[in-house]
Amino acid sequence: MPRSHLLARVDAQTSWDVIVIGGGATGLGCGVDAASRGYATLLLEKADFSQGTSSRSTKLVHGGVRYLQQGNVALVMDALHERGILLGNAPHLVHNQAFVVPDYKWWERPFYGVGLKLYDMLAGKLGFGRSRILSRAKTLNMIPNLEPTDLRGGVIYHDGQFDDSRLAVTLARTMDDLGGLAVNHMAVTGLAKDGDGQIQGVEIKDSLTGTIRHLKAKVVINATGVFVDEIRRLDDAAATRLIAPSQGIHLVLDKSFSPGDTAIMVPHTDDGRVIFLVPWHDRVLVGTTDVPLDAPTPEPRPMDEEIDFLLEHAGRYLARDPKRADILSVFAGIRPLIRVEGEDKTSSLSRDHHLTISQGGLVTIAGGKWTTYRKMAEDTITQAARFAGLPPHACKTENLPLHGWISGLDPKNHLSVHGSDIGELRELIRQNPDLGAPLHHELPYLRAEVVWAVRREWAMTLSDVLRHRTRALVLDAAASMDIAPDVARLMAEELGHGEDWIDSEVTAFRELAQTYLAT
Ligand SMILES: Cc1cc2nc3c(=O)[nH]c(=O)nc-3n(C[C@H](O)[C@H](O)[C@H](O)COP(=O)(O)OP(=O)(O)OC[C@H]3O[C@@H](n4cnc5c(N)ncnc54)[C@H](O)[C@@H]3O)c2cc1C
């Protein structure tokens with residue numbers, strides 16, 4: 001899908017039914033929902049799909065054990081229901097993950113055992129497996145590097161795990177399959193209104209060339225995550241703040257820190273939250289933190305105190321403690337939490353979503369979680385279509401297989417995230433065996449995946465490929481810097497760019513990658 005074709009489609013349409021601003025979980029969910037109802041739908045993403053919060057999650061499709069601790073049963077039930085739906089619609093991207101809550105005090109096993117039984121019950125028919133009490137020996141067998149001193153046993157339960165950026169690109173491809181159009185590197189810079197003050201379109205700026213366009217739409221949806229207030233102020237300069245931004249970081253460690261397939265759930269941190277140590281793409285992901293911010297930034301940086309906090313808590317639960325030098329990559333994300341007057345502790349703010357329609361007709365959807373993106377989109381498109389007077393069509397996404405749907409793939413095969421497209425990737429390698437070579441001995445990715453990302457997955461920059469289409473930057477920041485020139489050259493051949501482009505992309509990427517190093 002060359003960019004010129006995408007732009008030609010943008011220019012050919014005189015008016016859209018629905019324009020969605022933002023290509024994260026929420027916007028892409030809305031794009032898929034609207035396109036599947038048959039509405040002429042355009043999605044515009046300023047940077048790359050999932051570049052905001054949606055590539056920086058803990059990668060869990062979950063009800064949220066912590067929200068159960070907080071007594072938010074309705075949120076947990078909804079999220080568990082969505083967890084089951086997502087597994088059914090994208091089995092190539094979501095898999096069942098076992099978690100153990102290790103217990104060091106006499107009361108912990110009965111306490112967490114009962115709580116997790118309730119978690120199982122709330123999932124009902126869509127459960128991922130029953131929780132049960134484990135002996136000390138069994139717990140150590142499942143998590144060999146667990147701190148053995150004073151360990152009494154554990155409680156095992158099940159949740160879902162996924163690759164957030166791969167799900168995002170899969171949603172973009174699903175939208176495309178349904179006749180919608182998703183364009184990355186395209187920012188919305190203004191809203192156009194008619195004489196009655198009603199929004200009738202958007203001004204957009206191509207982030208790669210600076211070209212400005214004006215587009216018409218029957219309804220505009222603001223799904224820009226932590227930046228929804230910026231778009232709301234384009235509509236109404238006096239709009240009050242909706243978002244309370246809160247930063248969370250993750251550390252990525254070598255798999256030897258938690259060998260085996262079982263994740264650890266630490267049920268109580270010093271600041272009264274939970275943290276996870278989860279096996280992911282043959283590494284261990286440790287997170288997260290919760291630090292209120294004054295304002296969001298597009299490239300949030302991990303704070304030293306957050307890194308120390310996670311190292312310290314991980315060390316309490318692991319026999320071999322991780323040190324700073326063991327961190328392969330560290331990344332930060334910002335939660336788009338809904339502000340509550342008088343509440344300044346973001347960890348107690350609700351993870352529920354919030355939908356508003358302004359006087360001018362701007363539909364804003366914010367909050368929620370990756371896990372609930374489909375339900376958020378269903379609510380948003382139903383309300384938006386009603387408001388805009390679009391012909392009513394029922395939501396179809398509960399039983400809508402996502403692009404590449406196939407069941408039974410081994411999630412340990414890194415190509416499984418491509419689902420049924422694996423056959424085409426293999427064909428690419430058959431035609432050009434050089435593309436079957438790995439990019440780096442510490443990373444699973446093949447040269448073919450770079451070519452595929454450019455040809456089929458809207459990748460336009462080195463960061464698009466190394467951060468989101470592959471997860472090289474997140475899995476090993478230093479290794480991703482090593483392969484940057486090679487990957488840039490492969491992309492340049494596909495995109496028709498010269499040496500200057502390669503040099504500037506490599507420089508920009510290495511600057512970005514430096515911020516993912518902890519030392
Ligand atoms: C640390 C952390 C851990 C988390 N872990 C989990 C988890 O394990 N499971 C789970 O379910 N949820 C998790 N979440 C929550 C989940 O990641 C978010 O709720 C979700 O990703 C938000 O998606 P979004 O689309 O609303 O926002 P975003 O992903 O931020 O998307 C908004 C997009 O809008 C774009 N944009 C902004 N301005 C413009 C403009 N003017 N024009 C065009 N585009 C624009 C941005 O570039 C961005 O890509 C976690 C969140 C954090 C921070």
# chains A, B, ... in the order shown; residues from 1 in each chain; ligands from 1
$ residues_around --residues "Arg489 of chain A" --least-positions-apart "6" --cutoff "12 Å" --atoms "only C-alpha atoms" --output "PyMOL selection string"
chain A and resi 447+450-451+461-462+483+495-506
$ write_last_selection --atoms "N, CA and C atoms" --output "short mmCIF file (atom, residue, chain, number, x, y, z; two decimals), in the first residue's frame"
data_model
loop_
_atom_site.label_atom_id
_atom_site.label_comp_id
_atom_site.auth_asym_id
_atom_site.auth_seq_id
_atom_site.Cartn_x
_atom_site.Cartn_y
_atom_site.Cartn_z
N ARG A 447 14.76 -10.28 7.92
CA ARG A 447 14.77 -9.16 6.99
C ARG A 447 13.43 -9.04 6.25
N VAL A 450 10.87 -6.55 7.55
CA VAL A 450 11.05 -5.12 7.25
C VAL A 450 10.35 -4.79 5.93
N VAL A 451 10.59 -5.64 4.94
CA VAL A 451 9.98 -5.45 3.62
C VAL A 451 8.46 -5.52 3.75
N THR A 461 8.88 5.14 8.63
CA THR A 461 10.12 5.58 9.28
C THR A 461 10.80 4.37 9.94
N LEU A 462 12.07 4.58 10.28
CA LEU A 462 12.82 3.51 10.94
C LEU A 462 12.18 3.15 12.29
N ILE A 483 21.29 -2.57 14.38
CA ILE A 483 20.73 -2.96 13.08
C ILE A 483 20.10 -1.78 12.34
N LEU A 495 11.20 2.10 -0.42
CA LEU A 495 10.48 3.39 -0.50
C LEU A 495 11.07 4.33 -1.55
N GLY A 496 12.21 3.94 -2.14
CA GLY A 496 12.84 4.78 -3.16
C GLY A 496 13.56 6.00 -2.57
N HIS A 497 14.14 5.85 -1.37
CA HIS A 497 14.88 6.97 -0.76
C HIS A 497 16.38 6.78 -0.98
N GLY A 498 17.14 7.89 -0.81
CA GLY A 498 18.60 7.85 -1.01
C GLY A 498 19.37 7.86 0.30
N GLU A 499 20.69 8.12 0.17
CA GLU A 499 21.61 8.07 1.32
C GLU A 499 21.23 9.10 2.40
N ASP A 500 20.78 10.29 1.96
CA ASP A 500 20.45 11.33 2.95
C ASP A 500 19.34 10.85 3.88
N TRP A 501 18.35 10.19 3.30
CA TRP A 501 17.23 9.69 4.10
C TRP A 501 17.74 8.65 5.10
N ILE A 502 18.60 7.75 4.60
CA ILE A 502 19.14 6.69 5.48
C ILE A 502 19.87 7.34 6.66
N ASP A 503 20.74 8.32 6.34
CA ASP A 503 21.53 8.96 7.42
C ASP A 503 20.62 9.65 8.44
N SER A 504 19.64 10.40 7.94
CA SER A 504 18.83 11.15 8.90
C SER A 504 17.93 10.22 9.72
N GLU A 505 17.45 9.12 9.11
CA GLU A 505 16.62 8.17 9.87
C GLU A 505 17.46 7.47 10.95
N VAL A 506 18.69 7.08 10.58
CA VAL A 506 19.54 6.37 11.56
C VAL A 506 19.86 7.31 12.72
#
$ residues_near_ligand --ligand "ligand 1" --cutoff "6 Å" --atoms "only C-alpha atoms and all ligand atoms" --output "VMD selection string"
chain A and resid 21 to 27 44 to 47 49 to 54 56 to 61 187 to 189 223 to 227 247 to 249 288 333 to 335 366 to 371
$ select_by_dssp --residues "segment 66-241 of chain A" --states "strand (DSSP E)" --output "PyMOL selection string"
chain A and resi 94-103+132-135+153-162+181-183+186-193+199-206+212-222
$ closest_residue --among "A:Ala332, A:Leu122, A:Val278, A:Val10" --to "Ser246 of chain A" --atoms "only C-alpha atoms"
A:Ala332
$ select_by_dssp --residues "segment 260-416 of chain A" --states "helix (DSSP H, G or I)" --output "PyMOL selection string"
chain A and resi 304-317+324-326+346-348+370-388+397-399+414-416
$ residues_around --residues "segment 307-311 of chain A" --least-positions-apart "5" --cutoff "7 Å" --atoms "only C-alpha atoms" --output "number ranges by chain"
A: 287, 322-323
$ write_last_selection --atoms "N, CA, C and O atoms" --output "PDB file, in the first residue's frame"
ATOM      1  N   GLY A 287       6.669  -4.363  35.312  1.00  0.00           N
ATOM      2  CA  GLY A 287       5.995  -3.064  35.422  1.00  0.00           C
ATOM      3  C   GLY A 287       4.699  -3.185  36.182  1.00  0.00           C
ATOM      4  O   GLY A 287       4.232  -4.277  36.430  1.00  0.00           O
ATOM      5  N   PRO A 322      17.851  -8.286  39.738  1.00  0.00           N
ATOM      6  CA  PRO A 322      18.288  -7.527  38.559  1.00  0.00           C
ATOM      7  C   PRO A 322      18.931  -6.203  38.953  1.00  0.00           C
ATOM      8  O   PRO A 322      18.532  -5.578  39.938  1.00  0.00           O
ATOM      9  N   LYS A 323      19.941  -5.802  38.200  1.00  0.00           N
ATOM     10  CA  LYS A 323      20.617  -4.506  38.417  1.00  0.00           C
ATOM     11  C   LYS A 323      20.374  -3.634  37.187  1.00  0.00           C
ATOM     12  O   LYS A 323      19.952  -4.132  36.156  1.00  0.00           O
TER      13      LYS A 323
END
$ closest_atom_pairs --of "segment 113-138 of chain A" --to "segment 149-169 of chain A" --cutoff "9 Å" --atoms "only C-alpha atoms" --output "JSON lines"
{"residue": "A:Gly113", "atom": "CA", "partner": "A:Val155", "partner_atom": "CA", "distance": 6.0}
{"residue": "A:Leu116", "atom": "CA", "partner": "A:Tyr157", "partner_atom": "CA", "distance": 6.9}
{"residue": "A:Lys117", "atom": "CA", "partner": "A:Tyr157", "partner_atom": "CA", "distance": 8.7}
{"residue": "A:Tyr119", "atom": "CA", "partner": "A:Tyr157", "partner_atom": "CA", "distance": 8.9}
{"residue": "A:Asp120", "atom": "CA", "partner": "A:Tyr157", "partner_atom": "CA", "distance": 8.2}
{"residue": "A:Gly127", "atom": "CA", "partner": "A:His158", "partner_atom": "CA", "distance": 8.3}
{"residue": "A:Phe128", "atom": "CA", "partner": "A:His158", "partner_atom": "CA", "distance": 5.8}
{"residue": "A:Gly129", "atom": "CA", "partner": "A:His158", "partner_atom": "CA", "distance": 5.8}
{"residue": "A:Arg130", "atom": "CA", "partner": "A:Tyr157", "partner_atom": "CA", "distance": 6.4}
{"residue": "A:Ser131", "atom": "CA", "partner": "A:Tyr157", "partner_atom": "CA", "distance": 4.2}
{"residue": "A:Arg132", "atom": "CA", "partner": "A:Ile156", "partner_atom": "CA", "distance": 5.4}
{"residue": "A:Ile133", "atom": "CA", "partner": "A:Val155", "partner_atom": "CA", "distance": 4.5}
{"residue": "A:Leu134", "atom": "CA", "partner": "A:Gly154", "partner_atom": "CA", "distance": 5.0}
{"residue": "A:Ser135", "atom": "CA", "partner": "A:Gly153", "partner_atom": "CA", "distance": 4.7}
{"residue": "A:Arg136", "atom": "CA", "partner": "A:Gly153", "partner_atom": "CA", "distance": 3.8}
{"residue": "A:Ala137", "atom": "CA", "partner": "A:Gly153", "partner_atom": "CA", "distance": 7.4}
{"residue": "A:Lys138", "atom": "CA", "partner": "A:Gly153", "partner_atom": "CA", "distance": 7.7}
$ closest_residue --among "A:Leu251, A:Ile264, A:Val454, A:Leu277" --to "Val474 of chain A" --atoms "only C-alpha atoms"
A:Leu251
$ residues_around --residues "Ser15 of chain A" --least-positions-apart "2" --cutoff "8 Å" --atoms "only C-alpha atoms" --output "list of chain:residue names"
A:Gln13, A:Asp17, A:Leu215, A:Lys216, A:Ala217, A:Lys218
$ closest_residue --among "A:Ala172, A:Leu181, A:Met77, A:Ala448" --to "Leu28 of chain A" --atoms "only C-alpha atoms"
A:Ala172
$ closest_residue --among "A:Ser258, A:Asn432, A:Asn222, A:Thr174" --to "Gly361 of chain A" --atoms "only C-alpha atoms"
A:Asn222
$ closest_residue --among "A:Ser407, A:Thr515, A:Asn145, A:Thr380" --to "Asn89 of chain A" --atoms "only C-alpha atoms"
A:Ser407
$ residues_around --residues "Glu398 of chain A" --least-positions-apart "3" --cutoff "12 Å" --atoms "only C-alpha atoms" --output "ChimeraX atom specification"
/A:29,32-33,36,81-90,372-375,377-378,394-395,401-402
$ write_last_selection --atoms "N, CA and C atoms" --output "PDB file, in the first residue's frame"
ATOM      1  N   GLY A  29     -10.045   1.074  17.215  1.00  0.00           N
ATOM      2  CA  GLY A  29     -11.280   0.349  17.530  1.00  0.00           C
ATOM      3  C   GLY A  29     -12.475   1.048  16.904  1.00  0.00           C
ATOM      4  N   VAL A  32     -12.482   0.514  13.071  1.00  0.00           N
ATOM      5  CA  VAL A  32     -12.970  -0.822  12.683  1.00  0.00           C
ATOM      6  C   VAL A  32     -14.486  -0.891  12.861  1.00  0.00           C
ATOM      7  N   ASP A  33     -14.971  -0.381  13.983  1.00  0.00           N
ATOM      8  CA  ASP A  33     -16.409  -0.453  14.254  1.00  0.00           C
ATOM      9  C   ASP A  33     -17.193   0.308  13.183  1.00  0.00           C
ATOM     10  N   SER A  36     -17.031  -1.353   9.782  1.00  0.00           N
ATOM     11  CA  SER A  36     -17.798  -2.603   9.727  1.00  0.00           C
ATOM     12  C   SER A  36     -19.301  -2.345   9.688  1.00  0.00           C
ATOM     13  N   HIS A  81     -15.222  -9.905  30.148  1.00  0.00           N
ATOM     14  CA  HIS A  81     -16.049 -10.257  28.991  1.00  0.00           C
ATOM     15  C   HIS A  81     -15.299  -9.902  27.696  1.00  0.00           C
ATOM     16  N   GLU A  82     -14.732  -8.691  27.655  1.00  0.00           N
ATOM     17  CA  GLU A  82     -13.993  -8.254  26.460  1.00  0.00           C
ATOM     18  C   GLU A  82     -12.747  -9.117  26.233  1.00  0.00           C
ATOM     19  N   ARG A  83     -12.108  -9.541  27.315  1.00  0.00           N
ATOM     20  CA  ARG A  83     -10.946 -10.424  27.212  1.00  0.00           C
ATOM     21  C   ARG A  83     -11.316 -11.676  26.422  1.00  0.00           C
ATOM     22  N   GLY A  84     -12.461 -12.263  26.774  1.00  0.00           N
ATOM     23  CA  GLY A  84     -12.922 -13.487  26.097  1.00  0.00           C
ATOM     24  C   GLY A  84     -13.242 -13.218  24.631  1.00  0.00           C
ATOM     25  N   ILE A  85     -13.871 -12.058  24.351  1.00  0.00           N
ATOM     26  CA  ILE A  85     -14.215 -11.723  22.964  1.00  0.00           C
ATOM     27  C   ILE A  85     -12.941 -11.561  22.137  1.00  0.00           C
ATOM     28  N   LEU A  86     -11.956 -10.883  22.706  1.00  0.00           N
ATOM     29  CA  LEU A  86     -10.726 -10.617  21.951  1.00  0.00           C
ATOM     30  C   LEU A  86      -9.965 -11.918  21.655  1.00  0.00           C
ATOM     31  N   LEU A  87      -9.964 -12.830  22.619  1.00  0.00           N
ATOM     32  CA  LEU A  87      -9.300 -14.126  22.361  1.00  0.00           C
ATOM     33  C   LEU A  87      -9.988 -14.824  21.183  1.00  0.00           C
ATOM     34  N   GLY A  88     -11.319 -14.738  21.145  1.00  0.00           N
ATOM     35  CA  GLY A  88     -12.062 -15.383  20.047  1.00  0.00           C
ATOM     36  C   GLY A  88     -11.801 -14.703  18.705  1.00  0.00           C
ATOM     37  N   ASN A  89     -11.657 -13.362  18.700  1.00  0.00           N
ATOM     38  CA  ASN A  89     -11.513 -12.629  17.437  1.00  0.00           C
ATOM     39  C   ASN A  89     -10.075 -12.508  16.960  1.00  0.00           C
ATOM     40  N   ALA A  90      -9.116 -12.726  17.862  1.00  0.00           N
ATOM     41  CA  ALA A  90      -7.705 -12.583  17.464  1.00  0.00           C
ATOM     42  C   ALA A  90      -6.829 -13.612  18.182  1.00  0.00           C
ATOM     43  N   THR A 372     -10.548  -3.050  26.820  1.00  0.00           N
ATOM     44  CA  THR A 372     -11.950  -2.679  26.590  1.00  0.00           C
ATOM     45  C   THR A 372     -12.126  -1.830  25.323  1.00  0.00           C
ATOM     46  N   TYR A 373     -11.105  -1.800  24.441  1.00  0.00           N
ATOM     47  CA  TYR A 373     -11.175  -0.900  23.284  1.00  0.00           C
ATOM     48  C   TYR A 373     -12.414  -1.181  22.427  1.00  0.00           C
ATOM     49  N   ARG A 374     -12.806  -2.447  22.279  1.00  0.00           N
ATOM     50  CA  ARG A 374     -13.924  -2.784  21.387  1.00  0.00           C
ATOM     51  C   ARG A 374     -15.244  -2.233  21.912  1.00  0.00           C
ATOM     52  N   LYS A 375     -15.441  -2.374  23.223  1.00  0.00           N
ATOM     53  CA  LYS A 375     -16.678  -1.880  23.845  1.00  0.00           C
ATOM     54  C   LYS A 375     -16.714  -0.346  23.794  1.00  0.00           C
ATOM     55  N   ALA A 377     -15.366   1.466  21.540  1.00  0.00           N
ATOM     56  CA  ALA A 377     -15.659   1.826  20.154  1.00  0.00           C
ATOM     57  C   ALA A 377     -17.140   1.620  19.845  1.00  0.00           C
ATOM     58  N   GLU A 378     -17.708   0.529  20.353  1.00  0.00           N
ATOM     59  CA  GLU A 378     -19.136   0.265  20.103  1.00  0.00           C
ATOM     60  C   GLU A 378     -19.980   1.419  20.650  1.00  0.00           C
ATOM     61  N   ALA A 394     -26.422  -1.883  13.281  1.00  0.00           N
ATOM     62  CA  ALA A 394     -25.993  -2.486  14.556  1.00  0.00           C
ATOM     63  C   ALA A 394     -24.485  -2.754  14.539  1.00  0.00           C
ATOM     64  N   CYS A 395     -23.909  -2.741  15.743  1.00  0.00           N
ATOM     65  CA  CYS A 395     -22.476  -3.048  15.891  1.00  0.00           C
ATOM     66  C   CYS A 395     -22.225  -4.526  15.551  1.00  0.00           C
ATOM     67  N   PRO A 401     -13.888 -11.545  13.263  1.00  0.00           N
ATOM     68  CA  PRO A 401     -12.482 -11.983  13.297  1.00  0.00           C
ATOM     69  C   PRO A 401     -11.580 -10.875  12.764  1.00  0.00           C
ATOM     70  N   LEU A 402     -10.476 -10.616  13.442  1.00  0.00           N
ATOM     71  CA  LEU A 402      -9.562  -9.567  12.996  1.00  0.00           C
ATOM     72  C   LEU A 402      -8.628 -10.103  11.909  1.00  0.00           C
TER      73      LEU A 402
END
$ closest_residue --among "A:His281, A:Arg386, A:Lys205, A:Arg213" --to "Leu415 of chain A" --atoms "only C-alpha atoms"
A:His281
$ residues_around --residues "Trp452 of chain A" --least-positions-apart "4" --cutoff "10 Å" --atoms "only C-alpha atoms" --output "PyMOL selection string"
chain A and resi 424-425+428+447-448+456-459+465+469+491+494
$ residues_around --residues "Arg273 of chain A" --least-positions-apart "4" --cutoff "8 Å" --atoms "only C-alpha atoms" --output "list in words"
Arg66, Pro267, His268, Thr269 and Ser347 of chain A
$ write_last_selection --atoms "all heavy atoms" --output "PDB file, in the first residue's frame"
ATOM      1  N   ARG A  66      -6.346  -5.820  40.264  1.00  0.00           N
ATOM      2  CA  ARG A  66      -6.253  -4.674  41.171  1.00  0.00           C
ATOM      3  C   ARG A  66      -7.591  -3.934  41.296  1.00  0.00           C
ATOM      4  O   ARG A  66      -7.940  -3.414  42.351  1.00  0.00           O
ATOM      5  CB  ARG A  66      -5.194  -3.702  40.651  1.00  0.00           C
ATOM      6  CG  ARG A  66      -4.908  -2.576  41.606  1.00  0.00           C
ATOM      7  CD  ARG A  66      -3.630  -1.912  41.227  1.00  0.00           C
ATOM      8  NE  ARG A  66      -3.817  -0.956  40.157  1.00  0.00           N
ATOM      9  CZ  ARG A  66      -4.192   0.296  40.355  1.00  0.00           C
ATOM     10  NH1 ARG A  66      -4.463   0.715  41.575  1.00  0.00           N
ATOM     11  NH2 ARG A  66      -4.314   1.127  39.357  1.00  0.00           N
ATOM     12  N   PRO A 267       1.332  -8.641  44.623  1.00  0.00           N
ATOM     13  CA  PRO A 267       0.015  -8.083  44.927  1.00  0.00           C
ATOM     14  C   PRO A 267       0.025  -6.782  45.715  1.00  0.00           C
ATOM     15  O   PRO A 267      -1.005  -6.133  45.827  1.00  0.00           O
ATOM     16  CB  PRO A 267      -0.652  -9.187  45.747  1.00  0.00           C
ATOM     17  CG  PRO A 267       0.492  -9.900  46.395  1.00  0.00           C
ATOM     18  CD  PRO A 267       1.667  -9.783  45.466  1.00  0.00           C
ATOM     19  N   HIS A 268       1.186  -6.400  46.261  1.00  0.00           N
ATOM     20  CA  HIS A 268       1.166  -5.193  47.084  1.00  0.00           C
ATOM     21  C   HIS A 268       2.534  -4.525  47.067  1.00  0.00           C
ATOM     22  O   HIS A 268       3.492  -5.041  47.637  1.00  0.00           O
ATOM     23  CB  HIS A 268       0.760  -5.539  48.517  1.00  0.00           C
ATOM     24  CG  HIS A 268       0.317  -4.345  49.276  1.00  0.00           C
ATOM     25  ND1 HIS A 268      -0.956  -3.814  49.159  1.00  0.00           N
ATOM     26  CD2 HIS A 268       0.989  -3.526  50.110  1.00  0.00           C
ATOM     27  CE1 HIS A 268      -1.041  -2.740  49.916  1.00  0.00           C
ATOM     28  NE2 HIS A 268       0.122  -2.538  50.496  1.00  0.00           N
ATOM     29  N   THR A 269       2.604  -3.362  46.416  1.00  0.00           N
ATOM     30  CA  THR A 269       3.867  -2.619  46.384  1.00  0.00           C
ATOM     31  C   THR A 269       3.870  -1.590  47.520  1.00  0.00           C
ATOM     32  O   THR A 269       2.849  -1.389  48.187  1.00  0.00           O
ATOM     33  CB  THR A 269       4.012  -1.866  45.043  1.00  0.00           C
ATOM     34  OG1 THR A 269       2.856  -1.037  44.872  1.00  0.00           O
ATOM     35  CG2 THR A 269       4.131  -2.820  43.879  1.00  0.00           C
ATOM     36  N   SER A 347      -3.471   6.669  41.003  1.00  0.00           N
ATOM     37  CA  SER A 347      -3.684   5.222  41.087  1.00  0.00           C
ATOM     38  C   SER A 347      -5.091   4.884  41.565  1.00  0.00           C
ATOM     39  O   SER A 347      -5.557   3.760  41.392  1.00  0.00           O
ATOM     40  CB  SER A 347      -2.648   4.566  41.994  1.00  0.00           C
ATOM     41  OG  SER A 347      -2.791   5.023  43.300  1.00  0.00           O
TER      42      SER A 347
END
$ atom_distance --atom1 "atom CA of Phe257 of chain A" --atom2 "atom CA of Asp103 of chain A"
18.9 Å
$ decode --residues "segment 173-186 of chain A" --atoms "N, CA, C and O atoms" --output "PDB file, in the first residue's frame"
ATOM      1  N   ARG A 173      -5.288  -2.960   9.613  1.00  0.00           N
ATOM      2  CA  ARG A 173      -5.482  -3.824   8.444  1.00  0.00           C
ATOM      3  C   ARG A 173      -6.926  -4.327   8.370  1.00  0.00           C
ATOM      4  O   ARG A 173      -7.488  -4.468   7.290  1.00  0.00           O
ATOM      5  N   THR A 174      -7.527  -4.573   9.523  1.00  0.00           N
ATOM      6  CA  THR A 174      -8.936  -5.007   9.535  1.00  0.00           C
ATOM      7  C   THR A 174      -9.813  -3.882   8.982  1.00  0.00           C
ATOM      8  O   THR A 174     -10.726  -4.118   8.178  1.00  0.00           O
ATOM      9  N   MET A 175      -9.503  -2.667   9.400  1.00  0.00           N
ATOM     10  CA  MET A 175     -10.264  -1.511   8.913  1.00  0.00           C
ATOM     11  C   MET A 175     -10.145  -1.419   7.396  1.00  0.00           C
ATOM     12  O   MET A 175     -11.130  -1.199   6.683  1.00  0.00           O
ATOM     13  N   ASP A 176      -8.938  -1.633   6.908  1.00  0.00           N
ATOM     14  CA  ASP A 176      -8.681  -1.599   5.465  1.00  0.00           C
ATOM     15  C   ASP A 176      -9.470  -2.719   4.757  1.00  0.00           C
ATOM     16  O   ASP A 176     -10.099  -2.483   3.727  1.00  0.00           O
ATOM     17  N   ASP A 177      -9.463  -3.921   5.347  1.00  0.00           N
ATOM     18  CA  ASP A 177     -10.227  -5.039   4.759  1.00  0.00           C
ATOM     19  C   ASP A 177     -11.706  -4.681   4.637  1.00  0.00           C
ATOM     20  O   ASP A 177     -12.397  -5.146   3.736  1.00  0.00           O
ATOM     21  N   LEU A 178     -12.190  -3.850   5.586  1.00  0.00           N
ATOM     22  CA  LEU A 178     -13.620  -3.516   5.627  1.00  0.00           C
ATOM     23  C   LEU A 178     -13.959  -2.293   4.761  1.00  0.00           C
ATOM     24  O   LEU A 178     -15.087  -1.810   4.792  1.00  0.00           O
ATOM     25  N   GLY A 179     -12.958  -1.767   4.045  1.00  0.00           N
ATOM     26  CA  GLY A 179     -13.225  -0.629   3.152  1.00  0.00           C
ATOM     27  C   GLY A 179     -12.955   0.718   3.788  1.00  0.00           C
ATOM     28  O   GLY A 179     -13.152   1.758   3.152  1.00  0.00           O
ATOM     29  N   GLY A 180     -12.500   0.751   5.044  1.00  0.00           N
ATOM     30  CA  GLY A 180     -12.125   2.019   5.683  1.00  0.00           C
ATOM     31  C   GLY A 180     -10.718   2.414   5.266  1.00  0.00           C
ATOM     32  O   GLY A 180     -10.012   1.645   4.598  1.00  0.00           O
ATOM     33  N   LEU A 181     -10.315   3.618   5.661  1.00  0.00           N
ATOM     34  CA  LEU A 181      -8.976   4.087   5.302  1.00  0.00           C
ATOM     35  C   LEU A 181      -8.283   4.609   6.553  1.00  0.00           C
ATOM     36  O   LEU A 181      -8.816   5.486   7.247  1.00  0.00           O
ATOM     37  N   ALA A 182      -7.109   4.071   6.838  1.00  0.00           N
ATOM     38  CA  ALA A 182      -6.322   4.532   7.995  1.00  0.00           C
ATOM     39  C   ALA A 182      -5.017   5.113   7.452  1.00  0.00           C
ATOM     40  O   ALA A 182      -4.349   4.469   6.640  1.00  0.00           O
ATOM     41  N   VAL A 183      -4.677   6.326   7.888  1.00  0.00           N
ATOM     42  CA  VAL A 183      -3.458   6.979   7.398  1.00  0.00           C
ATOM     43  C   VAL A 183      -2.626   7.398   8.606  1.00  0.00           C
ATOM     44  O   VAL A 183      -3.123   8.133   9.474  1.00  0.00           O
ATOM     45  N   ASN A 184      -1.374   6.937   8.647  1.00  0.00           N
ATOM     46  CA  ASN A 184      -0.490   7.384   9.731  1.00  0.00           C
ATOM     47  C   ASN A 184       0.324   8.595   9.263  1.00  0.00           C
ATOM     48  O   ASN A 184       0.264   8.987   8.099  1.00  0.00           O
ATOM     49  N   HIS A 185       1.071   9.192  10.173  1.00  0.00           N
ATOM     50  CA  HIS A 185       1.874  10.392   9.877  1.00  0.00           C
ATOM     51  C   HIS A 185       1.012  11.494   9.252  1.00  0.00           C
ATOM     52  O   HIS A 185       1.407  12.122   8.270  1.00  0.00           O
ATOM     53  N   MET A 186      -0.151  11.690   9.808  1.00  0.00           N
ATOM     54  CA  MET A 186      -1.084  12.706   9.311  1.00  0.00           C
ATOM     55  C   MET A 186      -1.786  13.326  10.528  1.00  0.00           C
ATOM     56  O   MET A 186      -2.613  12.679  11.158  1.00  0.00           O
TER      57      MET A 186
END
